[in-house]
Amino acid sequence: MRYYLNKLIFSINEFMYGRYKGDELNRFLTIVYLIIWVISFFPYLRFLQLINTLIFILIFYRAFSKNIYARQKELNSYLKIKNKIKSQINFTKQKHKNRKTHLYFKCSNCKSNLRVPKGKGKIEITCPKCNTTMIKHS
């Protein structure tokens with residue numbers, strides 16, 4: 001029995017050689033798949049099963065693909081979006097944490113976020129990225 005199990009594992013490894021397998025995007029798609037699967041049990045949301053089928057096909061297509069370069073491009077696009085959302089959430093948390101001591105402004109030129117102390121009256125703010133000067137009331 002153990003011989004056949006080892007042979008099966010070897011055959012699977014041989015089949016998967018040169019294929020992309022899984023990555024962070026596939027894990028995310030699997031989580032989305034499971035969430036939609038649970039939601040689709042409600043009678044009026046049965047149409048979600050079609051979306052779930054497409055996600056399932058996409059997960060296996062990505063896992064068994066031999067075009068590693070294209071899968072890595074997809075992963076990089078996903079990570080770029082994920083990191084942008086994550087940094088926005090972290091900035092919002094930081095802004096909320098410092099709400100009693102600091103104010104946040106956007107630079108009128110480059111749109112970067114500027115943090116200034118609260119309660120200093122009229123102050124001149126210079127953007128460190130583009131050197132634009134603004135006068136604001138803190």
# chains A, B, ... in the order shown; residues from 1 in each chain; ligands from 1

call {"tool": "select_by_dssp", "arguments": {"residues": "chain A", "states": "strand (DSSP E or B)", "output": "list in words"}}
result
His102, Leu103, Tyr104, Phe105, Lys106, Asn113, Leu114, Arg115, Val116, Pro117, Lys122, Ile123, Glu124, Ile125, Thr126, Thr133, Met134, Ile135, Lys136 and His137 of chain A

call {"tool": "closest_residue", "arguments": {"among": "A:Gln72, A:Cys107, A:Pro117, A:Ser11", "to": "Cys130 of chain A", "atoms": "only C-alpha atoms"}}
result
A:Cys107

call {"tool": "atom_distance", "arguments": {"atom1": "atom CA of Arg115 of chain A", "atom2": "atom CA of Lys82 of chain A"}}
result
24.3 Å

call {"tool": "residues_around", "arguments": {"residues": "Thr30 of chain A", "least_positions_apart": "6", "cutoff": "9 Å", "atoms": "only C-alpha atoms", "output": "ChimeraX atom specification"}}
result
/A:55-56,59

call {"tool": "closest_atom_pairs", "arguments": {"of": "segment 67-127 of chain A", "to": "segment 18-21 of chain A", "cutoff": "10 Å", "atoms": "only C-alpha atoms", "output": "CSV"}}
result
residue,atom,partner,partner_atom,distance
A:Asn67,CA,A:Tyr20,CA,7.4
A:Ile68,CA,A:Tyr20,CA,5.6
A:Tyr69,CA,A:Tyr20,CA,9.3
A:Ala70,CA,A:Tyr20,CA,9.9
A:Arg71,CA,A:Tyr20,CA,7.4
A:Gln72,CA,A:Tyr20,CA,8.9

call {"tool": "atom_distance", "arguments": {"atom1": "atom CA of Lys100 of chain A", "atom2": "atom CA of Cys127 of chain A"}}
result
22.0 Å

call {"tool": "atom_distance", "arguments": {"atom1": "atom CA of Cys110 of chain A", "atom2": "atom CA of Thr92 of chain A"}}
result
19.2 Å

call {"tool": "select_by_dssp", "arguments": {"residues": "segment 63-136 of chain A", "states": "helix (DSSP H, G or I)", "output": "compact mmCIF listing (two decimals) with C-alpha atoms, in the first residue's frame"}}
result
# COMPACT_ATOMS: atom_id res chain seq x y z
CA ALA A 63 -2.67 26.71 -10.18
CA PHE A 64 -2.11 24.44 -13.19
CA ILE A 68 4.51 31.60 -14.80
CA TYR A 69 5.33 35.10 -16.08
CA ALA A 70 1.64 35.95 -16.65
CA ARG A 71 0.64 34.56 -13.24
CA GLN A 72 3.33 36.64 -11.55
CA LYS A 73 2.07 39.76 -13.35
CA GLU A 74 -1.43 39.01 -12.02
CA LEU A 75 0.00 38.50 -8.52
CA ASN A 76 1.91 41.80 -8.69
CA SER A 77 -1.24 43.66 -9.78
CA TYR A 78 -3.16 42.10 -6.90
CA LEU A 79 -0.42 42.96 -4.40
CA LYS A 80 -0.28 46.55 -5.64
CA ILE A 81 -4.04 46.97 -5.07
CA LYS A 82 -3.88 45.16 -1.72
CA ASN A 83 -1.00 47.29 -0.46
CA LYS A 84 -2.72 50.49 -1.55
CA ILE A 85 -5.87 49.53 0.38
CA LYS A 86 -3.81 48.41 3.38
CA SER A 87 -1.83 51.65 3.49
CA GLN A 88 -5.05 53.68 3.24
CA ILE A 89 -6.52 51.74 6.18
CA ASN A 90 -3.32 52.25 8.21
CA PHE A 91 -3.33 55.97 7.42
CA THR A 92 -6.97 56.24 8.53
CA LYS A 93 -6.13 54.43 11.79
CA GLN A 94 -3.17 56.74 12.39
CA LYS A 95 -5.30 59.79 11.61
CA HIS A 96 -7.95 58.64 14.08
CA LYS A 97 -5.33 57.88 16.74

call {"tool": "closest_residue", "arguments": {"among": "A:Lys129, A:Tyr33, A:Arg62, A:Glu14", "to": "Gln49 of chain A", "atoms": "only C-alpha atoms"}}
result
A:Tyr33

call {"tool": "decode", "arguments": {"residues": "segment 54-93 of chain A", "atoms": "C-alpha atoms", "output": "mmCIF file, in the first residue's frame"}}
result
data_model
loop_
_atom_site.group_PDB
_atom_site.id
_atom_site.type_symbol
_atom_site.label_atom_id
_atom_site.label_comp_id
_atom_site.auth_asym_id
_atom_site.auth_seq_id
_atom_site.Cartn_x
_atom_site.Cartn_y
_atom_site.Cartn_z
ATOM 1 C CA LEU A 54 -16.063 31.028 -12.423
ATOM 2 C CA ILE A 55 -13.869 31.732 -9.392
ATOM 3 C CA PHE A 56 -13.312 27.968 -8.942
ATOM 4 C CA ILE A 57 -12.236 27.618 -12.585
ATOM 5 C CA LEU A 58 -9.926 30.634 -12.231
ATOM 6 C CA ILE A 59 -8.265 29.164 -9.130
ATOM 7 C CA PHE A 60 -7.499 25.883 -10.889
ATOM 8 C CA TYR A 61 -6.468 27.610 -14.118
ATOM 9 C CA ARG A 62 -3.927 29.709 -12.199
ATOM 10 C CA ALA A 63 -2.672 26.705 -10.184
ATOM 11 C CA PHE A 64 -2.112 24.440 -13.192
ATOM 12 C CA SER A 65 -0.842 27.139 -15.560
ATOM 13 C CA LYS A 66 2.629 26.831 -17.059
ATOM 14 C CA ASN A 67 2.732 30.527 -17.974
ATOM 15 C CA ILE A 68 4.508 31.599 -14.797
ATOM 16 C CA TYR A 69 5.330 35.102 -16.076
ATOM 17 C CA ALA A 70 1.640 35.949 -16.650
ATOM 18 C CA ARG A 71 0.637 34.556 -13.240
ATOM 19 C CA GLN A 72 3.333 36.639 -11.548
ATOM 20 C CA LYS A 73 2.068 39.756 -13.345
ATOM 21 C CA GLU A 74 -1.427 39.005 -12.017
ATOM 22 C CA LEU A 75 -0.002 38.504 -8.522
ATOM 23 C CA ASN A 76 1.912 41.796 -8.691
ATOM 24 C CA SER A 77 -1.236 43.656 -9.780
ATOM 25 C CA TYR A 78 -3.160 42.096 -6.895
ATOM 26 C CA LEU A 79 -0.417 42.961 -4.396
ATOM 27 C CA LYS A 80 -0.280 46.555 -5.636
ATOM 28 C CA ILE A 81 -4.036 46.968 -5.075
ATOM 29 C CA LYS A 82 -3.881 45.156 -1.723
ATOM 30 C CA ASN A 83 -0.999 47.288 -0.460
ATOM 31 C CA LYS A 84 -2.723 50.490 -1.554
ATOM 32 C CA ILE A 85 -5.870 49.534 0.377
ATOM 33 C CA LYS A 86 -3.811 48.407 3.380
ATOM 34 C CA SER A 87 -1.831 51.654 3.493
ATOM 35 C CA GLN A 88 -5.052 53.679 3.239
ATOM 36 C CA ILE A 89 -6.521 51.741 6.185
ATOM 37 C CA ASN A 90 -3.321 52.247 8.212
ATOM 38 C CA PHE A 91 -3.332 55.972 7.418
ATOM 39 C CA THR A 92 -6.966 56.243 8.528
ATOM 40 C CA LYS A 93 -6.133 54.433 11.792
#
